[in-house]
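Source file: upload.tsv (TSV, C-alpha atoms)
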chain	number	residue	atom	x	y	z
A	26	MET	CA	73.15	99.00	120.34
A	27	ILE	CA	71.54	98.89	116.88
A	28	GLN	CA	68.89	96.17	116.77
A	29	LYS	CA	69.96	93.02	114.90
A	30	LYS	CA	66.90	93.10	112.62
A	31	GLN	CA	68.01	96.39	111.14
A	32	ARG	CA	69.87	96.12	107.84
A	33	ILE	CA	72.02	99.15	107.10
A	34	ALA	CA	73.47	100.46	103.85
A	35	ILE	CA	76.18	103.14	103.90
A	36	ILE	CA	76.37	105.11	100.66
A	37	HIS	CA	79.12	107.63	99.89
A	38	ASP	CA	79.32	109.95	96.86
A	39	ALA	CA	82.60	108.55	95.48
A	40	LEU	CA	85.81	106.96	96.69
A	41	VAL	CA	88.18	108.74	94.31
A	42	VAL	CA	90.18	110.95	96.73
A	43	SER	CA	91.55	110.83	100.27
A	44	GLY	CA	89.65	113.61	101.99
A	45	GLY	CA	87.69	114.46	105.10
A	46	ALA	CA	84.42	113.07	103.73
A	47	GLU	CA	86.12	109.75	103.03
A	48	ARG	CA	87.54	109.66	106.57
A	49	LEU	CA	84.03	110.30	107.88
A	50	THR	CA	82.74	107.41	105.78
A	51	ILE	CA	85.36	105.15	107.37
A	52	ALA	CA	84.10	106.24	110.82
A	53	LEU	CA	80.53	105.36	109.78
A	54	CYS	CA	81.66	101.93	108.56
A	55	GLU	CA	83.46	101.31	111.86
A	56	ALA	CA	80.38	102.39	113.83
A	57	PHE	CA	78.21	99.99	111.80
A	58	PRO	CA	80.57	97.14	110.82
A	59	ASP	CA	77.81	94.94	109.38
A	60	ALA	CA	76.60	97.59	106.95
A	61	GLU	CA	77.01	97.15	103.20
A	62	ILE	CA	78.97	99.90	101.42
A	63	PHE	CA	77.88	101.55	98.17
A	64	THR	CA	79.49	104.31	96.14
A	65	SER	CA	79.53	105.57	92.55
A	66	VAL	CA	83.20	104.98	91.67
A	67	TYR	CA	85.94	103.33	93.72
A	68	LEU	CA	89.60	103.96	92.84
A	69	PRO	CA	91.69	101.98	95.35
A	70	GLU	CA	94.94	103.80	94.47
A	71	SER	CA	93.35	107.23	95.06
A	72	THR	CA	91.64	106.81	98.41
A	73	PHE	CA	92.30	105.28	101.83
A	74	ASP	CA	93.61	101.71	102.12
A	75	TYR	CA	90.86	100.95	104.64
A	76	PHE	CA	88.43	100.24	101.81
A	77	ARG	CA	90.65	97.57	100.21
A	78	ASN	CA	89.46	95.09	102.83
A	79	LYS	CA	85.78	95.89	102.24
A	80	LYS	CA	83.29	94.79	99.63
A	81	ILE	CA	82.38	97.97	97.77
A	82	HIS	CA	79.31	98.09	95.50
A	83	THR	CA	79.84	100.56	92.63
A	84	LEU	CA	77.56	101.90	89.89
A	85	PRO	CA	77.45	100.72	86.26
A	86	GLY	CA	80.22	102.42	84.28
A	87	ALA	CA	82.51	102.84	87.29
A	88	ARG	CA	85.14	100.47	85.90
A	89	PHE	CA	85.79	102.80	82.96
A	90	VAL	CA	86.82	105.71	85.23
A	91	THR	CA	90.52	105.98	86.09
A	92	ASN	CA	90.80	109.38	87.80
A	93	GLU	CA	88.85	112.07	89.64
A	94	ARG	CA	88.67	114.37	86.62
A	95	GLN	CA	86.92	111.73	84.52
A	96	PHE	CA	84.59	111.01	87.42
A	97	LYS	CA	83.50	114.66	87.72
A	98	ARG	CA	82.68	114.92	84.02
A	99	LEU	CA	80.07	112.19	84.50
A	100	ILE	CA	78.41	113.55	87.64
A	101	LEU	CA	74.89	113.42	86.12
A	102	LEU	CA	75.40	109.74	85.29
A	103	TRP	CA	76.26	108.95	88.91
A	104	ILE	CA	73.22	110.85	90.19
A	105	TRP	CA	71.05	108.83	87.78
A	106	GLY	CA	72.78	105.65	88.96
A	107	PHE	CA	72.07	106.37	92.62
A	108	ARG	CA	68.39	106.79	91.75
A	109	HIS	CA	68.38	103.21	90.42
A	110	ILE	CA	70.20	101.24	93.15
A	111	ASN	CA	68.10	98.38	94.53
A	112	LEU	CA	68.00	98.99	98.30
A	113	SER	CA	64.90	96.94	99.03
A	114	LYS	CA	66.62	94.70	101.60
A	115	PHE	CA	67.72	97.62	103.80
A	116	ASN	CA	65.57	99.46	106.32
A	117	ILE	CA	68.18	102.08	107.23
A	118	ILE	CA	70.11	103.92	104.52
A	119	ILE	CA	72.89	106.21	105.71
A	120	THR	CA	74.32	108.49	103.03
A	121	SER	CA	77.58	110.38	103.37
A	122	SER	CA	77.05	113.06	100.79
A	123	THR	CA	77.52	116.47	99.28
A	124	TYR	CA	76.46	116.11	95.67
A	125	ALA	CA	75.26	112.64	94.66
A	126	ALA	CA	74.53	109.88	97.20
A	127	LYS	CA	71.80	111.89	98.91
A	128	TYR	CA	69.68	111.59	95.74
A	129	VAL	CA	69.31	107.84	96.28
A	130	LYS	CA	65.82	106.42	95.86
A	131	VAL	CA	64.78	104.97	99.21
A	132	PRO	CA	62.14	102.20	99.60
A	133	LYS	CA	58.98	103.32	101.40
A	134	LYS	CA	59.66	101.07	104.39
A	135	SER	CA	63.19	102.45	104.86
A	136	ARG	CA	64.59	105.50	106.64
A	137	HIS	CA	67.09	107.75	104.89
A	138	ILE	CA	69.58	109.39	107.28
A	139	CYS	CA	72.04	111.68	105.52
A	140	TYR	CA	75.35	112.94	106.89
A	141	LEU	CA	75.34	116.06	104.73
A	142	HIS	CA	78.87	117.43	104.58
A	143	SER	CA	77.79	120.52	102.67
A	144	PRO	CA	75.16	121.69	100.20
A	145	PHE	CA	76.24	120.87	96.62
A	146	ARG	CA	79.14	123.34	96.43
A	147	TYR	CA	79.20	123.76	92.65
A	148	ILE	CA	75.62	125.05	92.49
A	149	TRP	CA	75.41	126.92	95.80
A	150	LYS	CA	78.95	128.36	95.93
A	151	ARG	CA	79.85	128.47	92.26
A	152	GLU	CA	82.11	131.49	92.84
A	153	SER	CA	84.47	129.42	94.99
A	154	TYR	CA	85.67	127.48	91.92
A	155	THR	CA	88.10	128.69	89.28
A	156	PRO	CA	87.80	127.20	85.74
A	157	GLU	CA	91.08	125.40	86.42
A	158	SER	CA	89.47	123.51	89.31
A	159	LEU	CA	86.65	122.15	87.14
A	160	PRO	CA	87.06	119.33	84.60
A	161	LEU	CA	84.82	120.91	81.96
A	162	SER	CA	85.56	122.60	78.66
A	163	HIS	CA	84.83	126.31	78.30
A	164	TYR	CA	81.56	125.76	76.41
A	165	LEU	CA	80.33	122.93	78.63
A	166	LEU	CA	81.10	125.06	81.68
A	167	LYS	CA	79.04	127.92	80.23
A	168	PHE	CA	76.16	125.53	79.57
A	169	THR	CA	76.21	124.01	83.08
A	170	ASP	CA	76.36	127.48	84.61
A	171	LEU	CA	73.14	128.31	82.74
A	172	CYS	CA	71.56	125.19	84.28
A	173	ILE	CA	72.37	126.17	87.87
A	174	PRO	CA	68.84	127.51	88.68
A	175	ILE	CA	67.35	124.18	87.52
A	176	LEU	CA	69.96	122.20	89.46
A	177	LYS	CA	69.20	124.22	92.60
A	178	ASN	CA	65.52	123.37	92.34
A	179	LEU	CA	66.25	119.66	91.86
A	180	ASP	CA	68.77	119.66	94.72
A	181	GLY	CA	66.24	121.31	97.03
A	182	TYR	CA	63.49	118.89	95.98
A	183	PHE	CA	65.48	115.73	96.69
A	184	THR	CA	66.99	117.10	99.92
A	185	GLN	CA	63.46	117.59	101.27
A	186	LYS	CA	62.85	113.85	100.84
A	187	ILE	CA	65.63	112.91	103.30
A	188	ASN	CA	64.12	111.77	106.60
A	189	LEU	CA	66.88	113.02	108.90
A	190	ILE	CA	69.99	115.10	108.37
A	191	MET	CA	73.24	115.12	110.31
A	192	THR	CA	76.11	117.46	109.59
A	193	ASN	CA	79.65	118.31	110.63
A	194	SER	CA	79.35	121.69	112.36
A	195	PHE	CA	76.97	124.37	113.57
A	196	ASN	CA	78.37	126.48	110.75
A	197	MET	CA	77.08	123.94	108.25
A	198	ALA	CA	73.80	123.39	110.13
A	199	ASN	CA	73.11	127.11	109.65
A	200	HIS	CA	73.80	126.84	105.90
A	201	ILE	CA	71.52	123.81	105.60
A	202	GLN	CA	68.75	125.69	107.38
A	203	GLU	CA	69.30	128.74	105.15
A	204	ILE	CA	69.33	126.82	101.86
A	205	TYR	CA	67.00	123.87	102.48
A	206	LYS	CA	64.97	125.03	105.50
A	207	ARG	CA	65.91	121.78	107.23
A	208	ASN	CA	67.22	121.16	110.75
A	209	ALA	CA	70.42	119.15	111.04
A	210	GLU	CA	71.90	117.31	114.01
A	211	VAL	CA	75.53	118.32	114.56
A	212	ILE	CA	77.90	115.39	115.08
A	213	TYR	CA	81.51	116.47	114.65
A	214	PRO	CA	83.79	114.36	112.41
A	215	PRO	CA	86.18	112.28	114.51
A	216	ILE	CA	89.87	111.59	114.89
A	217	LYS	CA	91.57	108.66	116.60
A	218	PHE	CA	93.23	110.81	119.23
A	219	SER	CA	95.46	108.09	120.67
A	220	GLU	CA	97.21	107.66	117.30
A	221	PHE	CA	98.60	111.21	117.30
A	222	PHE	CA	101.79	112.30	119.05
A	223	SER	CA	104.06	115.33	119.40
A	224	GLN	CA	107.81	115.96	119.33
A	225	LYS	CA	109.75	117.73	122.07
A	226	GLU	CA	111.24	120.17	119.59
A	227	ARG	CA	109.33	121.70	116.69
A	228	GLU	CA	111.12	122.36	113.42
A	229	ASN	CA	111.18	125.67	111.57
A	230	PHE	CA	108.58	125.01	108.89
A	231	TYR	CA	104.87	125.64	108.41
A	232	LEU	CA	102.44	123.12	107.01
A	233	PHE	CA	99.51	123.24	104.58
A	234	VAL	CA	97.42	120.08	104.23
A	235	GLY	CA	94.57	119.76	101.77
A	236	ARG	CA	93.44	119.22	98.21
A	237	LEU	CA	94.97	121.71	95.81
A	238	ILE	CA	91.74	123.23	94.62
A	239	SER	CA	90.78	126.90	94.51
A	240	TYR	CA	88.60	127.24	97.62
A	241	LYS	CA	91.33	125.75	99.84
A	242	ARG	CA	93.48	128.87	99.12
A	243	ALA	CA	96.86	127.14	99.08
A	244	ASP	CA	98.06	130.06	96.93
A	245	LEU	CA	97.49	132.43	99.86
A	246	ALA	CA	99.61	130.30	102.20
A	247	ILE	CA	102.37	130.03	99.58
A	248	GLU	CA	102.52	133.77	98.85
A	249	ALA	CA	102.45	134.75	102.52
A	250	CYS	CA	105.24	132.35	103.48
A	251	GLU	CA	107.39	133.33	100.53
A	252	LYS	CA	106.92	137.04	101.18
A	253	SER	CA	107.89	136.63	104.85
A	254	GLY	CA	110.77	134.20	104.26
A	255	ARG	CA	109.09	131.18	105.88
A	256	LYS	CA	109.49	127.58	104.79
A	257	LEU	CA	106.22	125.91	103.79
A	258	LEU	CA	105.55	122.20	103.22
A	259	ILE	CA	102.45	121.37	101.20
A	260	VAL	CA	100.72	118.01	101.58
A	261	GLY	CA	98.06	117.13	99.03
A	262	ASP	CA	97.32	117.00	95.35
A	263	GLY	CA	94.68	118.38	93.03
A	264	PRO	CA	93.91	120.20	89.79
A	265	GLU	CA	95.83	123.34	90.74
A	266	ARG	CA	99.10	121.66	91.72
A	267	ASN	CA	100.91	122.32	88.45
A	268	SER	CA	100.06	126.03	88.35
A	269	LEU	CA	100.98	126.47	92.03
A	270	GLN	CA	104.32	124.70	91.57
A	271	LYS	CA	105.20	126.88	88.59
A	272	LYS	CA	104.73	130.03	90.67
A	273	ALA	CA	106.31	128.77	93.90
A	274	LYS	CA	109.90	129.38	95.00
A	275	GLU	CA	112.41	127.01	96.58
A	276	SER	CA	111.15	127.69	100.11
A	277	THR	CA	107.85	125.97	99.21
A	278	ILE	CA	108.07	122.19	99.01
A	279	PHE	CA	105.29	120.09	97.47
A	280	LEU	CA	105.11	116.63	99.02
A	281	GLY	CA	102.01	115.38	97.21
A	282	ASN	CA	99.88	112.79	98.97
A	283	VAL	CA	101.58	111.14	101.94
A	284	SER	CA	100.70	108.18	104.14
A	285	ASP	CA	98.83	108.64	107.42
A	286	CYS	CA	102.04	107.82	109.32
A	287	GLU	CA	104.02	110.43	107.39
A	288	LEU	CA	101.30	113.03	107.92
A	289	LYS	CA	101.23	112.45	111.69
A	290	GLU	CA	105.02	112.85	111.72
A	291	LEU	CA	104.73	116.18	109.89
A	292	TYR	CA	102.02	117.42	112.28
A	293	SER	CA	104.27	116.54	115.22
A	294	LYS	CA	107.21	118.56	113.86
A	295	ALA	CA	105.58	121.60	112.23
A	296	ARG	CA	105.83	125.01	113.82
A	297	GLY	CA	102.25	125.66	112.80
A	298	LEU	CA	99.50	124.62	110.39
A	299	ILE	CA	98.17	127.24	107.96
A	300	PHE	CA	94.48	126.77	107.22
A	301	PRO	CA	93.47	129.63	104.89
A	302	GLY	CA	90.28	128.31	103.30
A	303	VAL	CA	86.65	128.48	104.40
A	304	GLU	CA	85.75	124.91	105.29
A	305	ASP	CA	82.44	123.36	106.26
A	306	PHE	CA	84.23	121.94	109.29
A	307	GLY	CA	87.78	120.93	108.45
A	308	ILE	CA	89.30	117.87	110.10
A	309	VAL	CA	92.89	118.92	109.35
A	310	PRO	CA	93.13	121.54	112.15
A	311	VAL	CA	91.78	118.95	114.60
A	312	GLU	CA	94.39	116.39	113.53
A	313	ALA	CA	97.16	118.97	113.82
A	314	GLN	CA	96.03	120.00	117.30
A	315	ALA	CA	96.00	116.34	118.36
A	316	SER	CA	99.73	116.45	117.64
A	317	GLY	CA	100.16	119.65	119.66
A	318	CYS	CA	100.54	121.77	116.52
A	319	PRO	CA	98.95	125.25	116.74
A	320	ILE	CA	96.83	126.67	113.90
A	321	ILE	CA	96.79	129.82	111.77
A	322	ALA	CA	93.25	129.84	110.35
A	323	PHE	CA	90.96	132.12	108.40
A	324	GLN	CA	88.28	133.47	110.75
A	325	GLU	CA	85.26	131.90	109.10
A	326	GLY	CA	83.62	128.51	108.72
A	327	GLY	CA	84.20	125.38	110.73
A	328	ALA	CA	87.61	126.43	112.10
A	329	LEU	CA	85.77	128.70	114.53
A	330	GLU	CA	84.44	125.55	116.22
A	331	SER	CA	87.75	123.70	116.52
A	332	VAL	CA	90.39	126.39	117.14
A	333	VAL	CA	90.58	128.53	120.30
A	334	GLU	CA	92.05	131.97	119.64
A	335	GLY	CA	95.28	132.57	121.56
A	336	LYS	CA	95.32	129.08	123.11
A	337	THR	CA	95.36	126.59	120.25
A	338	GLY	CA	95.94	128.99	117.38
A	339	VAL	CA	95.23	132.41	115.88
A	340	PHE	CA	92.80	133.75	113.28
A	341	PHE	CA	93.16	136.24	110.42
A	342	ASN	CA	90.03	137.96	109.14
A	343	LEU	CA	90.95	139.09	105.62
A	344	PRO	CA	92.03	136.62	102.91
A	345	THR	CA	95.02	138.73	101.86
A	346	VAL	CA	98.75	138.08	101.83
A	347	SER	CA	99.51	141.09	104.03
A	348	GLN	CA	96.93	140.07	106.63
A	349	LEU	CA	98.25	136.51	106.77
A	350	VAL	CA	101.86	137.73	107.09
A	351	GLU	CA	100.85	139.99	110.00
A	352	THR	CA	99.07	137.06	111.64
A	353	LEU	CA	102.08	134.79	111.20
A	354	ASP	CA	104.23	137.45	112.89
A	355	ARG	CA	101.77	137.59	115.78
A	356	PHE	CA	101.61	133.80	115.92
A	357	ASP	CA	105.39	133.53	116.33
A	358	LYS	CA	105.27	135.64	119.49
A	359	ILE	CA	102.77	133.43	121.33
A	360	ASP	CA	103.98	130.74	123.73
A	361	PHE	CA	101.45	128.01	123.02
A	362	LYS	CA	100.95	125.26	125.60
A	363	GLU	CA	101.03	121.86	123.96
A	364	ASN	CA	98.80	120.21	126.56
A	365	GLU	CA	96.06	122.83	125.98
A	366	ILE	CA	96.23	122.24	122.25
A	367	ARG	CA	96.01	118.46	122.58
A	368	ASN	CA	93.24	118.61	125.20
A	369	ASN	CA	91.16	120.71	122.82
A	370	ALA	CA	91.51	118.06	120.10
A	371	ALA	CA	90.55	115.22	122.46
A	372	ARG	CA	86.88	116.30	122.39
A	373	PHE	CA	86.73	115.07	118.77
A	374	ASP	CA	87.83	111.52	119.58
A	375	ILE	CA	86.29	108.62	117.63
A	376	SER	CA	84.71	107.16	120.79
A	377	ILE	CA	82.51	110.25	121.17
A	378	PHE	CA	81.50	110.18	117.51
A	379	THR	CA	80.63	106.47	117.59
A	380	GLN	CA	78.45	106.84	120.69
A	381	LYS	CA	76.60	109.83	119.24
A	382	ILE	CA	76.08	108.38	115.76
A	383	ARG	CA	74.80	105.03	117.07
A	384	SER	CA	72.49	106.78	119.50
A	385	PHE	CA	71.14	109.06	116.77
A	386	VAL	CA	70.44	106.19	114.37
A	387	GLU	CA	69.00	103.91	117.07
A	388	ARG	CA	66.40	106.38	118.27
A	389	GLN	CA	64.99	107.01	114.80
Show me this structure written as structure tokens.
Amino acid sequence: MIQKKQRIAIIHDALVVSGGAERLTIALCEAFPDAEIFTSVYLPESTFDYFRNKKIHTLPGARFVTNERQFKRLILLWIWGFRHINLSKFNIIITSSTYAAKYVKVPKKSRHICYLHSPFRYIWKRESYTPESLPLSHYLLKFTDLCIPILKNLDGYFTQKINLIMTNSFNMANHIQEIYKRNAEVIYPPIKFSEFFSQKERENFYLFVGRLISYKRADLAIEACEKSGRKLLIVGDGPERNSLQKKAKESTIFLGNVSDCELKELYSKARGLIFPGVEDFGIVPVEAQASGCPIIAFQEGGALESVVEGKTGVFFNLPTVSQLVETLDRFDKIDFKENEIRNNAARFDISIFTQKIRSFVERQ
């Protein structure tokens, strides 16, 4: 158990979407229920209901932001704000971060433990974003692109100041070592396994779940399903939704954001989950497997650590429509065993995460 004298702050980049990093932050809050929660901007209607029952400390200016796009335009303001939070009463600061919270200024007597989901994607994987996915004008985008070398130096400088780093996968630990020359403890993001269930009969549709942003490659899933005459249900929202809907045919159905209960129901009925992006880890395939739903995933990134080829899903190794169609055809011929799929997901249960995260923090 964490000693009573320890005062813990949990700081997350922003609570403006319902994504994997926000689910991880919930798991941290449940592991340390007495911790105080800080973030840059909190939009209750845009993120998980869990936070409605919590006291959330936000940064100055947060109340003027009404959506994610506005939030992103002010990213430098939030970084500045995190540098000026008064954390003097805390001796353990846990940040859940990719691009902002990890820059927090930590008192000398305190320890900064960062759950680093990924290096700042915009500056280290700029090519993964299309202009449509970024909330900046053409000229401002050109200017910020010119600043990337400076931003990389600053990001590296502040990341070196973190006392200890945790991350979501060995895939990401390797990237952190490559970029920052830092070791990272791998603690997989959790699911609440007992809350998932499966149906006796699967329905004839495929599922895509994720934010509709370029690096998630929803367009690839849409084109492959339409070309092969497969029905696809898309769960999620994002800056590319309008353009994707304009191109999609009737066999592709956009559901937008759905409740956790509705999502679990979809996982339990889907023939398979298509996961075409390169994710740091990716909690969606784990959730789907907890419902006995097999996976069709791109053979790179965190999916390699959660999906077992031929037993809980299949991989495709080229991000092309033809390759994905061929893989879907191969997928349809495999007789997947539901118990094997669910057993694989059970190793990511919240109880394992909580034990590991408490142990890691306690021994520091």
>> From the options A:Leu189, A:Ala39, A:Ile117, A:Ile33, which residue's atoms come nearest to Leu84 (chain A), counting only C-alpha atoms?
In response: A:Ala39
> Which of these, A:Gln224, A:Ser268, A:Ser239, A:Gly263, has the shortest distance to Glu290 (chain A) once you count all atoms listed in the file?
Replying inline: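 Checking each candidate against Glu290 (chain A), we get A:Gln224 as the closest.
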Show me, as CSV, the residues of region 178-223 of chain A having an atom within 10 Å of region 298-308 of chain A, each with the closest atom pair and its distance in Å, using only C-alpha atoms.
residue,atom,partner,partner_atom,distance
A:Thr192,CA,A:Asp305,CA,9.3
A:Asn193,CA,A:Phe306,CA,6.0
A:Ser194,CA,A:Phe306,CA,5.8
A:Phe195,CA,A:Phe306,CA,8.8
A:Asn196,CA,A:Asp305,CA,6.8
A:Met197,CA,A:Asp305,CA,5.7
A:Ala198,CA,A:Asp305,CA,9.5
A:His200,CA,A:Asp305,CA,9.3
A:Tyr213,CA,A:Phe306,CA,8.1
A:Pro214,CA,A:Ile308,CA,6.9
A:Pro215,CA,A:Ile308,CA,7.8
A:Ile216,CA,A:Ile308,CA,7.9
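For the atom pair formed by CA of Glu47 (chain A) and CA of Gly297 (chain A), the distance is 24.7 Å, given to one decimal.
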>> Can you tell me which residues surround Gly44 (chain A) at a distance of at most 8 Å, considering only C-alpha atoms, apart from same-chain residues fewer than 6 positions away, and format the answer as a PyMOL selection string?
In response: chain A and resi 72+235-236
> Expressed in Å to a single decimal, how great is the separation between CA of Glu325 (chain A) and CA of Ala125 (chain A)?
Replying inline: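 Between CA of Glu325 (chain A) and CA of Ala125 (chain A) the gap works out to 26.1 Å.
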>> With only C-alpha atoms as the counted atoms, please give the residues lying no more than 7 Å from region 245-259 of chain A, apart from itself and same-chain residues fewer than 4 positions off, as a PyMOL selection string.
In response: chain A and resi 230-234+276-280+299+301+346+349-350
>> Would you pick out the contacts of region 333-342 of chain A at 7 Å or less, using all atoms listed in the file, so that residues sharing its chain but fewer than 3 positions from it are not included, and give the list as a ChimeraX atom specification?
In response: /A:319-324,348-349,352,356,361,365-366
May I have the selected residues written with C-alpha atoms, as a CSV table (one decimal), in the frame of the given file?
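The result, written out as out-v4.csv:
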chain,number,residue,atom,x,y,z
A,319,PRO,CA,99.0,125.2,116.7
A,320,ILE,CA,96.8,126.7,113.9
A,321,ILE,CA,96.8,129.8,111.8
A,322,ALA,CA,93.2,129.8,110.4
A,323,PHE,CA,91.0,132.1,108.4
A,324,GLN,CA,88.3,133.5,110.8
A,348,GLN,CA,96.9,140.1,106.6
A,349,LEU,CA,98.2,136.5,106.8
A,352,THR,CA,99.1,137.1,111.6
A,356,PHE,CA,101.6,133.8,115.9
A,361,PHE,CA,101.4,128.0,123.0
A,365,GLU,CA,96.1,122.8,126.0
A,366,ILE,CA,96.2,122.2,122.2
>> Considering all atoms listed in the file, can you say which of A:Leu288, A:Ile104, A:Ala243, A:Ile359 comes closest to Thr123 (chain A)?
In response: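 Using all atoms listed in the file, Thr123 (chain A) sits closest to A:Ile104.
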>> Residues near Gln380 (chain A), anyone? I mean within 12 Å using all atoms listed in the file, not counting same-chain ones fewer than 4 positions away, as a list in words.
In response: Met26, Ile27, Ala52, Leu53, Glu55, Ala56, Phe57, Ile212, Tyr213, Pro215, Phe373, Asp374, Ile375, Ser376, Ser384, Phe385, Val386 and Glu387 of chain A
> Could you work out how far CA of Glu226 (chain A) lies from CA of Ala371 (chain A), giving the answer in Å with one decimal?
Replying inline: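 Calculated distance between CA of Ala371 (chain A) and CA of Glu226 (chain A) is 21.5 Å.
For the choices A:Ser121, A:Ser331, A:Thr345, A:Thr169, the atom-to-atom distance to Gly45 (chain A) is smallest for A:Ser121 when using only C-alpha atoms.
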